[in-house]
Amino acid sequence: MTTLKSILSASVLTLACTWAHAQDMKVAYHVNSGIDTAATVLGNVRNHLNADPSAKIVVVTHGAGIEFLLDGAKDSKGREFTGSVSELVAKGVQFRVCNNTLSSRKIDPSKVLMDAKIVPSGVSEVARLQSKEGFVYLKP
């Protein structure tokens with residue numbers, strides 16, 4: 001009986017590991033810090049994709065975190081973020097911008113990069129991705 005239990009346990013464990021490995025990792029990066037940290041966040045996302053190219057990554061921004069996704073935004077060296085964002089979008093990364101932030105700061109939605117999607121609320125989007133779609137939460 002013990003041998004049968006061991007075999008069944010090993011089989012269940014093997015199936016669980018196989019299923020988990022077969023599932024693509026889904027990760028929500030939560031960004032609410034200013035433009036000074038945007039290059040680091042984008043670097044983290046690049047590194048993540050280098051380690052796991054099949055990962056599904058969504059970068060959700062609100063508050064000061066939206067700044068790098070606005071037209072003309074530049075890093076401390078004067079480089080625009082548009083190219084880096086477009087490069088990551090081409091690899092399947094999605095960027096989402098909080099409409100509550102746009103409204104409260106009176107920013108015209110047309111100022112948001114075309115590669116980003118506007119969502120009603122950044123924080124509710126993070127919660128939705130975690131609770132409804134099984135995304136892992138990362139706060140760089």
# chains A, B, ... in the order shown; residues from 1 in each chain; ligands from 1
call {"tool": "residues_around", "arguments": {"residues": "Lys91 (chain A)", "least_positions_apart": "5", "cutoff": "12 Å", "atoms": "only C-alpha atoms", "output": "number ranges by chain"}}
result
A: 45-46, 48-50, 52-58, 84-86
call {"tool": "write_last_selection", "arguments": {"atoms": "C-alpha atoms", "output": "PDB file, in the first residue's frame"}}
result
ATOM      1  CA  VAL A  45      11.383  44.131 -17.971  1.00  0.00           C
ATOM      2  CA  ARG A  46      14.094  43.572 -20.617  1.00  0.00           C
ATOM      3  CA  HIS A  48      12.883  39.425 -17.373  1.00  0.00           C
ATOM      4  CA  LEU A  49      12.210  38.739 -21.050  1.00  0.00           C
ATOM      5  CA  ASN A  50      15.829  37.712 -21.627  1.00  0.00           C
ATOM      6  CA  ASP A  52      11.946  34.040 -19.912  1.00  0.00           C
ATOM      7  CA  PRO A  53      10.995  35.151 -23.451  1.00  0.00           C
ATOM      8  CA  SER A  54       7.565  33.516 -23.161  1.00  0.00           C
ATOM      9  CA  ALA A  55       6.526  35.584 -20.120  1.00  0.00           C
ATOM     10  CA  LYS A  56       3.417  37.707 -20.549  1.00  0.00           C
ATOM     11  CA  ILE A  57       4.230  41.093 -19.026  1.00  0.00           C
ATOM     12  CA  VAL A  58       1.891  44.007 -18.376  1.00  0.00           C
ATOM     13  CA  SER A  84      12.415  51.520 -25.530  1.00  0.00           C
ATOM     14  CA  VAL A  85       8.663  51.211 -25.050  1.00  0.00           C
ATOM     15  CA  SER A  86       8.106  50.319 -28.724  1.00  0.00           C
TER      16      SER A  86
END
call {"tool": "select_by_dssp", "arguments": {"residues": "chain A", "states": "helix (DSSP H, G or I)", "output": "PyMOL selection string"}}
result
chain A and resi 2-22+35-51+63-69+82-90+99-104+109-111+122-133
call {"tool": "closest_residue", "arguments": {"among": "A:Glu125, A:Gly134, A:Leu70, A:Glu87", "to": "Lys111 (chain A)", "atoms": "only C-alpha atoms"}}
result
A:Leu70
call {"tool": "residues_around", "arguments": {"residues": "Phe135 (chain A)", "least_positions_apart": "6", "cutoff": "7 Å", "atoms": "only C-alpha atoms", "output": "PyMOL selection string"}}
result
chain A and resi 26-28+129
call {"tool": "write_last_selection", "arguments": {"atoms": "C-alpha atoms", "output": "JSON list (two decimals), in the first residue's frame"}}
result
[["chain", "number", "residue", "atom", "x", "y", "z"],
["A", 26, "LYS", "CA", 2.12, 36.24, -16.32],
["A", 27, "VAL", "CA", 3.54, 39.25, -14.51],
["A", 28, "ALA", "CA", 2.11, 42.67, -13.68],
["A", 129, "LEU", "CA", -4.83, 41.19, -13.26]]
call {"tool": "closest_residue", "arguments": {"among": "A:Tyr29, A:Val123, A:Ala38, A:Leu138", "to": "Gln94 (chain A)", "atoms": "only C-alpha atoms"}}
result
A:Tyr29
call {"tool": "closest_residue", "arguments": {"among": "A:Lys106, A:Arg96, A:Lys77, A:Lys117", "to": "His30 (chain A)", "atoms": "only C-alpha atoms"}}
result
A:Arg96
call {"tool": "select_by_dssp", "arguments": {"residues": "chain A", "states": "strand (DSSP E or B)", "output": "ChimeraX atom specification"}}
result
/A:26-31,56-61,70,74,80,94-98,112,116-119,136-138
call {"tool": "closest_residue", "arguments": {"among": "A:Val41, A:Met25, A:Ala51, A:Val97", "to": "Met114 (chain A)", "atoms": "only C-alpha atoms"}}
result
A:Val97
call {"tool": "closest_residue", "arguments": {"among": "A:Leu102, A:Ile35, A:Ala116, A:Val126", "to": "Gly65 (chain A)", "atoms": "only C-alpha atoms"}}
result
A:Ile35
